[in-house]
$ cat run.csv   # CSV, C-alpha atoms
chain,number,residue,atom,x,y,z
A,18,MET,CA,0.0,0.0,0.0
A,19,GLU,CA,1.4,3.4,-0.9
A,20,ILE,CA,1.3,6.0,1.8
A,21,GLU,CA,0.7,9.6,0.6
A,22,THR,CA,2.9,12.4,2.0
A,23,PRO,CA,1.0,15.5,3.0
A,24,THR,CA,1.4,18.2,0.4
A,25,ASN,CA,1.1,21.1,2.9
A,26,VAL,CA,3.4,24.0,2.5
A,27,THR,CA,5.8,24.6,5.4
A,28,ILE,CA,7.7,27.8,6.4
A,29,LYS,CA,11.0,26.0,6.5
A,30,GLY,CA,10.3,24.3,3.2
A,31,ILE,CA,9.6,27.6,1.4
A,32,LEU,CA,12.5,29.4,3.1
A,33,GLY,CA,14.9,26.6,2.0
A,34,LEU,CA,13.7,27.2,-1.6
A,35,LEU,CA,14.1,30.9,-1.3
A,36,MET,CA,17.6,30.6,0.1
A,37,ALA,CA,18.6,28.3,-2.8
A,38,ASN,CA,17.3,31.0,-5.2
A,39,VAL,CA,19.6,33.8,-3.8
A,40,GLY,CA,21.8,35.2,-6.5
A,41,ASP,CA,25.2,33.6,-6.8
A,42,ASP,CA,27.2,36.0,-9.0
A,43,ASP,CA,30.3,37.9,-7.8
A,44,LYS,CA,28.3,41.1,-7.1
A,45,LYS,CA,25.9,39.3,-4.7
A,46,LYS,CA,24.8,41.4,-1.8
A,47,ARG,CA,25.0,40.0,1.7
A,48,LEU,CA,22.0,37.9,2.6
A,49,ILE,CA,19.4,39.4,4.9
A,50,SER,CA,16.7,37.0,6.0
A,51,LEU,CA,13.5,38.5,7.4
A,52,GLY,CA,11.7,35.2,6.8
A,53,MET,CA,12.3,33.1,9.9
A,54,GLY,CA,11.2,33.9,13.5
A,55,ASP,CA,14.7,33.2,14.9
A,56,PRO,CA,16.1,36.4,16.5
A,57,THR,CA,19.4,34.6,17.4
A,58,ALA,CA,20.6,35.3,13.8
A,59,PHE,CA,21.1,39.0,14.9
A,60,SER,CA,23.6,40.1,17.6
A,61,CYS,CA,21.2,42.5,19.2
A,62,PHE,CA,19.1,39.6,20.5
A,63,THR,CA,20.9,37.4,23.1
A,64,THR,CA,19.6,35.4,26.0
A,65,THR,CA,20.2,36.3,29.6
A,66,SER,CA,23.4,35.1,31.3
A,67,VAL,CA,21.2,33.5,33.9
A,68,ALA,CA,19.9,31.0,31.3
A,69,GLU,CA,23.4,30.2,30.0
A,70,ASP,CA,24.9,29.9,33.5
A,71,ALA,CA,22.1,27.6,34.6
A,72,VAL,CA,22.7,25.2,31.6
A,73,VAL,CA,26.5,25.2,32.1
A,74,GLU,CA,26.2,24.5,35.8
A,75,LEU,CA,23.8,21.6,35.2
A,76,VAL,CA,25.5,20.0,32.2
A,77,THR,CA,28.8,20.0,34.1
A,78,SER,CA,27.2,18.6,37.3
A,79,HIS,CA,27.0,15.1,35.7
A,80,LYS,CA,23.6,14.7,37.4
A,81,PHE,CA,21.4,15.1,34.4
A,82,ASN,CA,22.9,12.9,31.8
A,83,GLY,CA,20.2,10.2,32.1
A,84,TYR,CA,16.6,9.9,31.0
A,85,ALA,CA,14.0,12.3,32.4
A,86,PRO,CA,10.4,11.1,33.0
A,87,THR,CA,8.5,11.2,29.7
A,88,VAL,CA,6.2,13.9,31.0
A,89,GLY,CA,9.1,16.0,32.2
A,90,LEU,CA,11.3,16.4,35.3
A,91,PRO,CA,9.1,17.1,38.4
A,92,GLN,CA,11.0,20.3,39.3
A,93,THR,CA,10.5,21.6,35.7
A,94,ARG,CA,6.8,20.9,35.8
A,95,SER,CA,6.5,22.6,39.2
A,96,ALA,CA,8.5,25.7,38.0
A,97,ILE,CA,6.4,26.1,34.8
A,98,CYS,CA,3.2,25.6,36.9
A,99,GLU,CA,4.3,28.5,39.2
A,100,TYR,CA,5.3,30.7,36.3
A,101,LEU,CA,2.0,30.3,34.5
A,102,SER,CA,-0.2,30.4,37.7
A,103,THR,CA,1.1,33.9,38.4
A,104,ASN,CA,-1.1,35.4,35.7
A,105,LEU,CA,-4.2,33.2,36.3
A,106,PRO,CA,-7.1,33.6,38.8
A,107,TYR,CA,-6.6,30.0,40.0
A,108,LYS,CA,-3.6,27.8,40.7
A,109,LEU,CA,-2.4,25.1,38.4
A,110,SER,CA,-1.1,21.8,39.5
A,111,PRO,CA,2.3,20.5,38.4
A,112,ASP,CA,0.4,17.5,37.0
A,113,ASP,CA,-1.3,19.8,34.5
A,114,VAL,CA,2.1,20.5,32.9
A,115,TYR,CA,3.8,18.3,30.3
A,116,ILE,CA,7.3,19.2,28.9
A,117,THR,CA,7.7,19.1,25.2
A,118,ALA,CA,10.4,19.6,22.6
A,119,GLY,CA,9.5,23.2,21.8
A,120,CYS,CA,6.1,24.5,21.1
A,121,THR,CA,5.9,22.6,17.8
A,122,GLN,CA,5.8,19.3,19.7
A,123,ALA,CA,3.1,20.8,21.9
A,124,ILE,CA,1.0,21.5,18.8
A,125,GLU,CA,1.5,17.9,17.6
A,126,VAL,CA,0.5,16.6,21.0
A,127,ALA,CA,-2.7,18.8,21.1
A,128,ILE,CA,-3.9,17.7,17.7
A,129,SER,CA,-3.0,14.0,18.3
A,130,ILE,CA,-4.9,13.9,21.6
A,131,LEU,CA,-8.0,15.6,20.1
A,132,ALA,CA,-7.9,13.5,16.9
A,133,SER,CA,-10.9,11.2,16.4
A,134,PRO,CA,-12.9,9.9,13.4
A,135,ASN,CA,-14.5,12.9,11.5
A,136,ALA,CA,-13.0,15.5,13.9
A,137,ASN,CA,-12.3,19.0,12.7
A,138,ILE,CA,-10.4,21.8,14.2
A,139,LEU,CA,-10.9,25.6,13.5
A,140,VAL,CA,-7.6,27.3,12.6
A,141,PRO,CA,-6.9,31.0,11.9
A,142,ARG,CA,-6.1,32.4,8.5
A,143,PRO,CA,-3.4,33.7,8.3
A,144,GLY,CA,-1.9,31.3,10.8
A,145,PHE,CA,1.0,28.9,11.5
A,146,PRO,CA,1.1,26.1,8.9
A,147,ILE,CA,2.4,23.4,11.3
A,148,TYR,CA,-1.3,23.0,12.5
A,149,GLU,CA,-2.4,22.0,9.0
A,150,LEU,CA,0.6,19.7,8.6
A,151,CYS,CA,0.1,17.9,12.0
A,152,ALA,CA,-3.7,17.6,11.2
A,153,ALA,CA,-2.9,16.0,7.8
A,154,PHE,CA,-0.8,13.3,9.5
A,155,ARG,CA,-3.7,12.6,11.9
A,156,ASN,CA,-6.5,12.8,9.4
A,157,VAL,CA,-8.1,15.7,11.2
A,158,GLU,CA,-10.0,18.1,9.0
A,159,ILE,CA,-8.9,21.8,9.2
A,160,ARG,CA,-11.4,24.6,8.8
A,161,HIS,CA,-10.2,28.1,8.4
A,162,PHE,CA,-11.7,31.2,10.0
A,163,ASP,CA,-10.4,34.6,8.9
A,164,LEU,CA,-8.6,37.2,11.0
A,165,LEU,CA,-9.8,40.7,10.2
A,166,PRO,CA,-6.9,43.0,9.3
A,167,GLU,CA,-9.1,46.1,9.5
A,168,ASN,CA,-9.9,45.2,13.1
A,169,GLY,CA,-6.4,44.5,14.4
A,170,TRP,CA,-6.5,40.9,13.1
A,171,GLU,CA,-9.4,40.0,15.5
A,172,VAL,CA,-11.1,36.7,15.0
A,173,ASP,CA,-14.2,36.7,12.8
A,174,LEU,CA,-16.5,35.2,15.3
A,175,ASP,CA,-19.4,35.0,12.9
A,176,ALA,CA,-17.2,32.8,10.7
A,177,VAL,CA,-16.4,30.6,13.7
A,178,ASP,CA,-20.2,30.2,14.4
A,179,ALA,CA,-20.8,29.2,10.7
A,180,LEU,CA,-17.9,26.7,10.6
A,181,ALA,CA,-18.4,24.9,13.9
A,182,ASP,CA,-20.5,21.7,13.9
A,183,GLN,CA,-21.0,18.6,16.0
A,184,ASN,CA,-17.6,17.2,14.9
A,185,THR,CA,-15.6,20.3,15.8
A,186,VAL,CA,-13.3,19.6,18.7
A,187,ALA,CA,-11.2,22.7,19.1
A,188,ILE,CA,-10.4,26.3,18.0
A,189,VAL,CA,-6.8,27.5,17.7
A,190,LEU,CA,-5.8,30.9,19.0
A,191,ILE,CA,-2.3,32.4,18.5
A,192,ASN,CA,-1.7,35.3,20.8
A,193,PRO,CA,0.4,37.3,20.6
A,194,GLY,CA,-0.1,36.7,16.9
A,195,ASN,CA,2.1,34.9,14.4
A,196,PRO,CA,2.2,36.0,11.6
A,197,CYS,CA,0.2,39.2,12.2
A,198,GLY,CA,1.9,40.9,15.3
A,199,ASN,CA,-1.5,41.4,17.0
A,200,VAL,CA,-2.2,41.2,20.7
A,201,TYR,CA,-5.8,40.5,21.7
A,202,SER,CA,-7.7,42.5,24.3
A,203,TYR,CA,-9.2,40.9,27.4
A,204,ASN,CA,-12.7,41.6,26.0
A,205,HIS,CA,-12.0,39.9,22.6
A,206,LEU,CA,-10.5,36.9,24.3
A,207,LYS,CA,-13.6,36.7,26.5
A,208,LYS,CA,-15.8,36.7,23.4
A,209,ILE,CA,-13.7,33.9,21.9
A,210,ALA,CA,-14.1,31.9,25.2
A,211,GLU,CA,-17.8,32.4,25.2
A,212,THR,CA,-18.0,31.3,21.5
A,213,ALA,CA,-16.0,28.1,22.3
A,214,LYS,CA,-18.2,27.4,25.3
A,215,LYS,CA,-21.3,27.8,23.2
A,216,HIS,CA,-20.0,25.2,20.7
A,217,LYS,CA,-18.6,22.9,23.5
A,218,ILE,CA,-15.1,22.9,22.1
A,219,VAL,CA,-11.6,23.3,23.6
A,220,VAL,CA,-9.4,26.3,23.0
A,221,ILE,CA,-5.8,25.6,21.9
A,222,ALA,CA,-4.0,28.7,23.1
A,223,ASP,CA,-0.7,29.0,21.2
A,224,GLU,CA,1.2,31.4,23.5
A,225,VAL,CA,4.8,30.8,22.2
A,226,TYR,CA,5.1,34.6,22.0
A,227,GLY,CA,3.6,35.0,25.4
A,228,HIS,CA,4.5,38.4,27.1
A,229,LEU,CA,6.1,39.8,24.0
A,230,ALA,CA,3.6,42.6,23.9
A,231,PHE,CA,4.7,46.2,23.4
A,232,GLY,CA,1.6,48.0,22.3
A,233,ALA,CA,-1.6,49.3,23.9
A,234,ASN,CA,-2.9,45.8,24.9
A,235,PRO,CA,-1.1,43.9,27.6
A,236,PHE,CA,-0.7,40.1,27.1
A,237,VAL,CA,-3.6,38.2,28.7
A,238,PRO,CA,-3.2,34.4,28.8
A,239,MET,CA,-6.2,32.5,27.5
A,240,GLY,CA,-6.1,30.4,30.6
A,241,VAL,CA,-7.7,33.3,32.4
A,242,PHE,CA,-10.9,32.0,31.0
A,243,GLY,CA,-10.2,28.4,31.8
A,244,SER,CA,-13.1,28.2,34.3
A,245,MET,CA,-15.4,29.1,31.4
A,246,VAL,CA,-14.0,26.8,28.7
A,247,PRO,CA,-11.1,24.2,28.7
A,248,VAL,CA,-7.9,25.7,27.5
A,249,LEU,CA,-4.8,23.8,26.3
A,250,THR,CA,-2.0,26.3,26.8
A,251,LEU,CA,1.1,25.8,24.5
A,252,GLY,CA,4.3,27.7,25.1
A,253,SER,CA,8.1,27.6,25.3
A,254,LEU,CA,11.2,29.4,26.4
A,255,SER,CA,12.1,29.9,22.7
A,256,LYS,CA,10.9,33.5,22.0
A,257,ARG,CA,10.8,35.3,25.4
A,258,TRP,CA,14.2,33.9,26.4
A,259,ILE,CA,15.6,34.0,22.8
A,260,VAL,CA,16.7,30.3,22.9
A,261,PRO,CA,14.6,28.6,20.1
A,262,GLY,CA,17.4,26.0,19.6
A,263,TRP,CA,17.0,24.7,23.2
A,264,ARG,CA,13.6,23.2,22.3
A,265,LEU,CA,12.0,23.6,25.7
A,266,GLY,CA,8.3,23.9,25.5
A,267,TRP,CA,5.1,22.9,27.4
A,268,PHE,CA,1.6,21.6,27.0
A,269,VAL,CA,-0.6,22.6,29.8
A,270,MET,CA,-4.2,21.8,30.7
A,271,THR,CA,-5.6,25.1,32.0
A,272,ASP,CA,-8.9,23.5,32.9
A,273,PRO,CA,-9.7,24.0,36.6
A,274,ASN,CA,-13.2,22.6,36.4
A,275,ALA,CA,-11.8,19.4,34.7
A,276,ILE,CA,-14.2,19.6,31.8
A,277,PHE,CA,-11.5,18.2,29.4
A,278,LYS,CA,-9.1,17.0,32.1
A,279,ASN,CA,-10.7,13.7,33.1
A,280,ALA,CA,-8.9,10.5,34.1
A,281,LYS,CA,-9.2,9.0,30.7
A,282,THR,CA,-7.6,12.0,29.0
A,283,VAL,CA,-4.8,12.2,31.5
A,284,GLU,CA,-4.0,8.5,31.0
A,285,ARG,CA,-4.1,8.9,27.2
A,286,LEU,CA,-1.7,11.9,27.5
A,287,LYS,CA,0.8,10.0,29.7
A,288,LYS,CA,0.8,7.1,27.3
A,289,TYR,CA,1.3,9.4,24.3
A,290,PHE,CA,4.2,11.1,26.1
A,291,ASP,CA,5.8,7.6,26.5
A,292,ILE,CA,6.4,7.7,22.7
A,293,CYS,CA,7.5,11.3,22.6
A,294,GLY,CA,11.1,12.5,23.0
A,295,GLY,CA,11.3,15.6,25.2
A,296,PRO,CA,14.0,18.1,25.6
A,297,ALA,CA,17.5,17.2,26.9
A,298,THR,CA,17.4,16.5,30.7
A,299,PHE,CA,19.9,19.1,31.6
A,300,ILE,CA,17.9,21.8,29.7
A,301,GLN,CA,14.8,20.8,31.7
A,302,ALA,CA,16.8,20.9,34.9
A,303,ALA,CA,17.8,24.5,34.2
A,304,VAL,CA,14.3,25.7,33.9
A,305,PRO,CA,13.5,26.4,37.6
A,306,ARG,CA,16.5,28.7,37.9
A,307,ILE,CA,15.9,30.4,34.5
A,308,LEU,CA,12.3,31.2,35.5
A,309,LYS,CA,13.1,32.3,39.0
A,310,GLU,CA,16.2,34.4,38.4
A,311,THR,CA,15.7,36.2,35.0
A,312,SER,CA,15.5,39.9,35.6
A,313,GLU,CA,12.7,42.2,34.4
A,314,ALA,CA,15.5,44.3,32.9
A,315,PHE,CA,16.2,41.5,30.4
A,316,PHE,CA,12.6,41.3,29.3
A,317,THR,CA,12.3,45.1,29.1
A,318,ARG,CA,15.4,45.3,26.9
A,319,THR,CA,13.9,42.7,24.5
A,320,LEU,CA,10.6,44.5,24.3
A,321,ASN,CA,12.3,47.9,23.7
A,322,ILE,CA,14.2,46.5,20.8
A,323,LEU,CA,11.1,44.8,19.3
A,324,LYS,CA,9.1,48.0,19.7
A,325,HIS,CA,11.9,50.0,17.9
A,326,THR,CA,12.3,47.5,15.1
A,327,SER,CA,8.6,47.1,14.5
A,328,ASP,CA,8.2,50.9,14.3
A,329,LEU,CA,11.1,51.1,12.0
A,330,CYS,CA,9.6,48.4,9.8
A,331,ALA,CA,6.2,50.0,9.7
A,332,ASN,CA,7.7,53.5,8.8
A,333,LYS,CA,10.0,52.1,6.1
A,334,ILE,CA,7.1,50.2,4.5
A,335,LYS,CA,5.3,53.6,4.0
A,336,ASP,CA,8.0,54.5,1.4
A,337,ILE,CA,7.4,51.3,-0.6
A,338,PRO,CA,4.2,51.9,-2.7
A,339,CYS,CA,3.5,48.2,-3.4
A,340,LEU,CA,3.4,47.3,0.3
A,341,THR,CA,0.7,48.3,2.9
A,342,CYS,CA,0.7,47.6,6.6
A,343,PRO,CA,-3.0,47.6,7.7
A,344,THR,CA,-2.3,47.3,11.4
A,345,LYS,CA,0.9,48.3,13.2
A,346,PRO,CA,2.4,45.4,15.2
A,347,GLN,CA,1.6,45.3,18.9
A,348,GLY,CA,3.6,42.2,19.8
A,349,SER,CA,5.4,39.0,18.7
A,350,MET,CA,8.2,39.3,16.1
A,351,ALA,CA,6.4,39.4,12.7
A,352,MET,CA,3.9,41.4,10.7
A,353,MET,CA,1.7,40.9,7.7
A,354,VAL,CA,2.0,43.3,4.8
A,355,LYS,CA,-0.4,43.5,1.8
A,356,LEU,CA,1.2,43.3,-1.6
A,357,SER,CA,-0.3,45.4,-4.5
A,358,ILE,CA,0.4,43.3,-7.6
A,359,PRO,CA,-1.2,45.7,-10.1
A,360,LEU,CA,1.6,48.2,-9.3
A,361,LEU,CA,4.2,45.7,-10.5
A,362,LYS,CA,4.7,45.0,-14.2
A,363,ASP,CA,6.3,41.6,-14.2
A,364,ILE,CA,5.3,40.0,-10.8
A,365,LYS,CA,2.5,37.5,-10.8
A,366,ASP,CA,1.9,37.0,-7.1
A,367,ASP,CA,3.5,36.9,-3.7
A,368,ILE,CA,5.5,33.8,-4.4
A,369,ASP,CA,6.9,35.3,-7.6
A,370,PHE,CA,7.7,38.6,-5.7
A,371,CYS,CA,9.6,36.8,-2.9
A,372,PHE,CA,11.6,34.5,-5.3
A,373,LYS,CA,12.6,37.4,-7.5
A,374,LEU,CA,13.5,39.6,-4.5
A,375,ALA,CA,15.7,36.8,-3.2
A,376,LYS,CA,17.4,36.4,-6.5
A,377,GLU,CA,18.0,40.1,-7.2
A,378,GLU,CA,18.4,41.6,-3.7
A,379,SER,CA,19.4,38.7,-1.4
A,380,VAL,CA,16.5,39.6,0.9
A,381,ILE,CA,14.2,36.9,2.2
A,382,LEU,CA,10.6,37.6,3.0
A,383,LEU,CA,8.0,34.9,3.5
A,384,PRO,CA,5.2,34.7,0.9
A,385,GLY,CA,1.8,35.2,2.4
A,386,ARG,CA,0.5,32.0,0.7
A,387,THR,CA,2.7,30.1,3.1
A,388,VAL,CA,0.6,31.3,6.0
A,389,GLY,CA,-2.8,31.3,4.2
A,390,LEU,CA,-3.0,34.8,2.5
A,391,LYS,CA,-2.3,35.2,-1.2
A,392,ASN,CA,-0.6,38.4,-2.2
A,393,TRP,CA,0.6,39.3,1.2
A,394,VAL,CA,4.1,38.9,2.7
A,395,ARG,CA,5.2,38.2,6.3
A,396,ILE,CA,8.1,40.3,7.5
A,397,THR,CA,10.0,39.3,10.6
A,398,PHE,CA,11.1,42.5,12.4
A,399,ALA,CA,13.2,40.7,15.1
A,400,ALA,CA,16.4,41.8,13.4
A,401,GLU,CA,19.3,44.2,13.8
A,402,PRO,CA,17.9,47.7,13.1
A,403,SER,CA,20.6,48.4,10.5
A,404,SER,CA,20.0,45.1,8.7
A,405,LEU,CA,16.2,45.7,8.7
A,406,GLU,CA,16.7,49.2,7.3
A,407,GLU,CA,19.1,47.9,4.6
A,408,ALA,CA,16.8,45.1,3.7
A,409,LEU,CA,13.8,47.4,3.3
A,410,GLU,CA,15.8,49.8,1.2
A,411,ARG,CA,16.6,46.9,-1.1
A,412,VAL,CA,12.9,46.1,-1.3
A,413,LYS,CA,12.2,49.7,-2.2
A,414,SER,CA,14.8,49.5,-5.0
A,415,PHE,CA,13.3,46.2,-6.2
A,416,TYR,CA,9.9,47.9,-6.3
A,417,HIS,CA,11.2,50.8,-8.5
A,418,ARG,CA,12.8,48.3,-10.9
A,419,HIS,CA,9.6,46.3,-11.3
A,420,SER,CA,7.0,49.0,-11.1
A,421,TYR,CA,5.2,50.7,-13.9
A,422,GLU,CA,6.7,54.0,-12.9
A,423,GLN,CA,8.9,55.6,-15.5
A,424,ASN,CA,10.7,58.8,-14.5
A,425,GLY,CA,8.1,59.5,-11.8
A,426,SER,CA,5.1,58.7,-14.0
A,427,VAL,CA,3.0,55.7,-14.5
A,428,ASP,CA,2.7,54.1,-18.0
A,429,PRO,CA,-0.8,54.2,-19.5
$ encode --input "run.csv" --output "structure tokens"
Amino acid sequence: MEIETPTNVTIKGILGLLMANVGDDDKKKRLISLGMGDPTAFSCFTTTSVAEDAVVELVTSHKFNGYAPTVGLPQTRSAICEYLSTNLPYKLSPDDVYITAGCTQAIEVAISILASPNANILVPRPGFPIYELCAAFRNVEIRHFDLLPENGWEVDLDAVDALADQNTVAIVLINPGNPCGNVYSYNHLKKIAETAKKHKIVVIADEVYGHLAFGANPFVPMGVFGSMVPVLTLGSLSKRWIVPGWRLGWFVMTDPNAIFKNAKTVERLKKYFDICGGPATFIQAAVPRILKETSEAFFTRTLNILKHTSDLCANKIKDIPCLTCPTKPQGSMAMMVKLSIPLLKDIKDDIDFCFKLAKEESVILLPGRTVGLKNWVRITFAAEPSSLEEALERVKSFYHRHSYEQNGSVDP
């Protein structure tokens, strides 16, 4: 029997193709990638020395070279439990916390645990394509609801009502938003919780960018509404601590009324984690110290840089006529920008735009099609300000070469 491979587009897959398309002549410009959400590529983003010292101390202690429990080290689960409980109106139990290899594995766990015959999950568009890929492997149907750019990328709740049926098991919420840079208000999150409750579905709260909010709305964890509707909280150290390569994430049942968290579900989760490989034991062991000792000054510095680079990005885009930013970023590390194809004489769509840009200018942007929106692009602003400025100047030059403008006029 031949097994089909899912045909879903992935961010890393597209970025690999774009990198391979970068010009290779002698006059090639230095590569600037604004396509991947990995701030460690730029020297202005570094983790705290507390995190580094904790890992060094534990890896050289020789105490954490063996296997960890499949659900995670007890002290790691307890530390994450305390960290998350700080912002909730109730206290979590360490048993609610499961340690994963980054947030990506937490997504895979969530979809696998919810998978059942004919099940469907509601996912935002634009969104993060790993959800579609995981669902394809589990034969779970994905139904897309739109985020509304004119309303700060809020969820189209009418669309959610229209999509949900008796086979819907969950709705995915990414906040702070990837790829849009939005941060939802308390009131909007409450409406989402009420909608999920009405349809008797679980909320998968993807909070990998948790606390990376630098606009008008503070970050509110979806678990705040856990007493109203079961919430599966997914997160990691990756973004807030700038250590995506450490692959330390969590899957947490923020469900104080045990609507989803029954004995059968817990047993199923434990068995599923028996076949999952979690993060390195010494990384897990470092978590309590990292969470306890990281200073607010470190977090503030990161937020100040992201605020500066997001403002820089939004302002530079105003000088590129084919790009429009409908909503200024309020958080996370990326933003969605609308591409006006009619202004370009030899560009077919967002994919064509990004491939030609990579070839001619050695700048990588992510085609919007990758995250569900044709003729948009995602720009990661978690970059060195000088590199961001240079990259967008090259995009501007690319626009002028490919636009209908001739000596300041537009061809008829």
$ closest_residue --input "run.csv" --among "A:Val186, A:Ile49, A:Ile300, A:Val394" --to "Val380 in chain A" --atoms "only C-alpha atoms"
A:Ile49
$ residues_around --input "run.csv" --residues "Thr64 in chain A" --least-positions-apart "2" --cutoff "8 Å" --atoms "all atoms listed in the file" --output "PyMOL selection string"
chain A and resi 62+66+68-69+258-260
$ closest_residue --input "run.csv" --among "A:Ser110, A:Ser379, A:Thr387, A:Ser357" --to "Tyr416 in chain A" --atoms "all atoms listed in the file"
A:Ser357
$ residues_around --input "run.csv" --residues "range 209-221 of chain A" --least-positions-apart "2" --cutoff "10 Å" --atoms "all atoms listed in the file" --output "JSON, numbers by chain"
{"A": [124, 127, 128, 131, 138, 139, 140, 171, 172, 173, 174, 175, 177, 178, 181, 182, 183, 184, 185, 186, 187, 188, 189, 190, 191, 203, 204, 205, 206, 207, 223, 224, 239, 240, 241, 242, 243, 244, 245, 246, 247, 248, 249, 250, 251, 268, 269, 270, 271, 272, 276, 277]}
$ residues_around --input "run.csv" --residues "Leu229 in chain A" --least-positions-apart "5" --cutoff "8 Å" --atoms "only C-alpha atoms" --output "ChimeraX atom specification"
/A:193,236,257,320,348-349
$ closest_atom_pairs --input "run.csv" --of "range 302-368 of chain A" --to "range 262-265 of chain A" --cutoff "12 Å" --atoms "all atoms listed in the file" --output "tab-separated table"
residue	atom	partner	partner_atom	distance
A:Ala302	CA	A:Leu265	CA	10.7
A:Ala303	CA	A:Leu265	CA	10.3
A:Val304	CA	A:Leu265	CA	8.8
A:Ile307	CA	A:Leu265	CA	11.8
$ atom_distance --input "run.csv" --atom1 "CA of Tyr201 in chain A" --atom2 "CA of Ser253 in chain A"
19.3 Å
$ residues_near_point --input "run.csv" --point "(4.2, 48.6, -4.6)" --cutoff "12 Å" --atoms "only C-alpha atoms" --output "JSON, numbers by chain"
{"A": [334, 335, 336, 337, 338, 339, 340, 341, 342, 354, 355, 356, 357, 358, 359, 360, 361, 362, 364, 367, 370, 392, 393, 412, 413, 414, 415, 416, 417, 418, 419, 420, 421, 422]}
$ residues_near_point --input "run.csv" --point "(1.0, 44.2, 10.5)" --cutoff "10 Å" --atoms "only C-alpha atoms" --output "list in words"
Pro166, Gly169, Trp170, Gly194, Pro196, Cys197, Gly198, Asn199, Ser327, Cys330, Ala331, Thr341, Cys342, Pro343, Thr344, Lys345, Pro346, Gln347, Gly348, Ala351, Met352, Met353, Val354, Lys355, Val394, Arg395 and Ile396 of chain A
$ atom_distance --input "run.csv" --atom1 "CA of Thr93 in chain A" --atom2 "CA of Ser312 in chain A"
19.0 Å
$ atom_distance --input "run.csv" --atom1 "CA of Ala118 in chain A" --atom2 "CA of Lys288 in chain A"
16.4 Å
$ residues_around --input "run.csv" --residues "Lys309 in chain A" --least-positions-apart "6" --cutoff "12 Å" --atoms "only C-alpha atoms" --output "ChimeraX atom specification"
/A:67-68,71,93,95-97,99-100,303
$ closest_residue --input "run.csv" --among "A:Thr311, A:Ile159, A:Tyr107, A:Asn192" --to "Leu180 in chain A" --atoms "only C-alpha atoms"
A:Ile159
$ closest_residue --input "run.csv" --among "A:Ala176, A:Ile381, A:Ala233, A:Ala297" --to "Gly89 in chain A" --atoms "only C-alpha atoms"
A:Ala297
$ closest_residue --input "run.csv" --among "A:Leu390, A:Met53, A:Leu286, A:Leu165" --to "Ile130 in chain A" --atoms "all atoms listed in the file"
A:Leu286
$ closest_residue --input "run.csv" --among "A:Asn168, A:Thr298, A:Thr63, A:Ser129" --to "Lys80 in chain A" --atoms "only C-alpha atoms"
A:Thr298
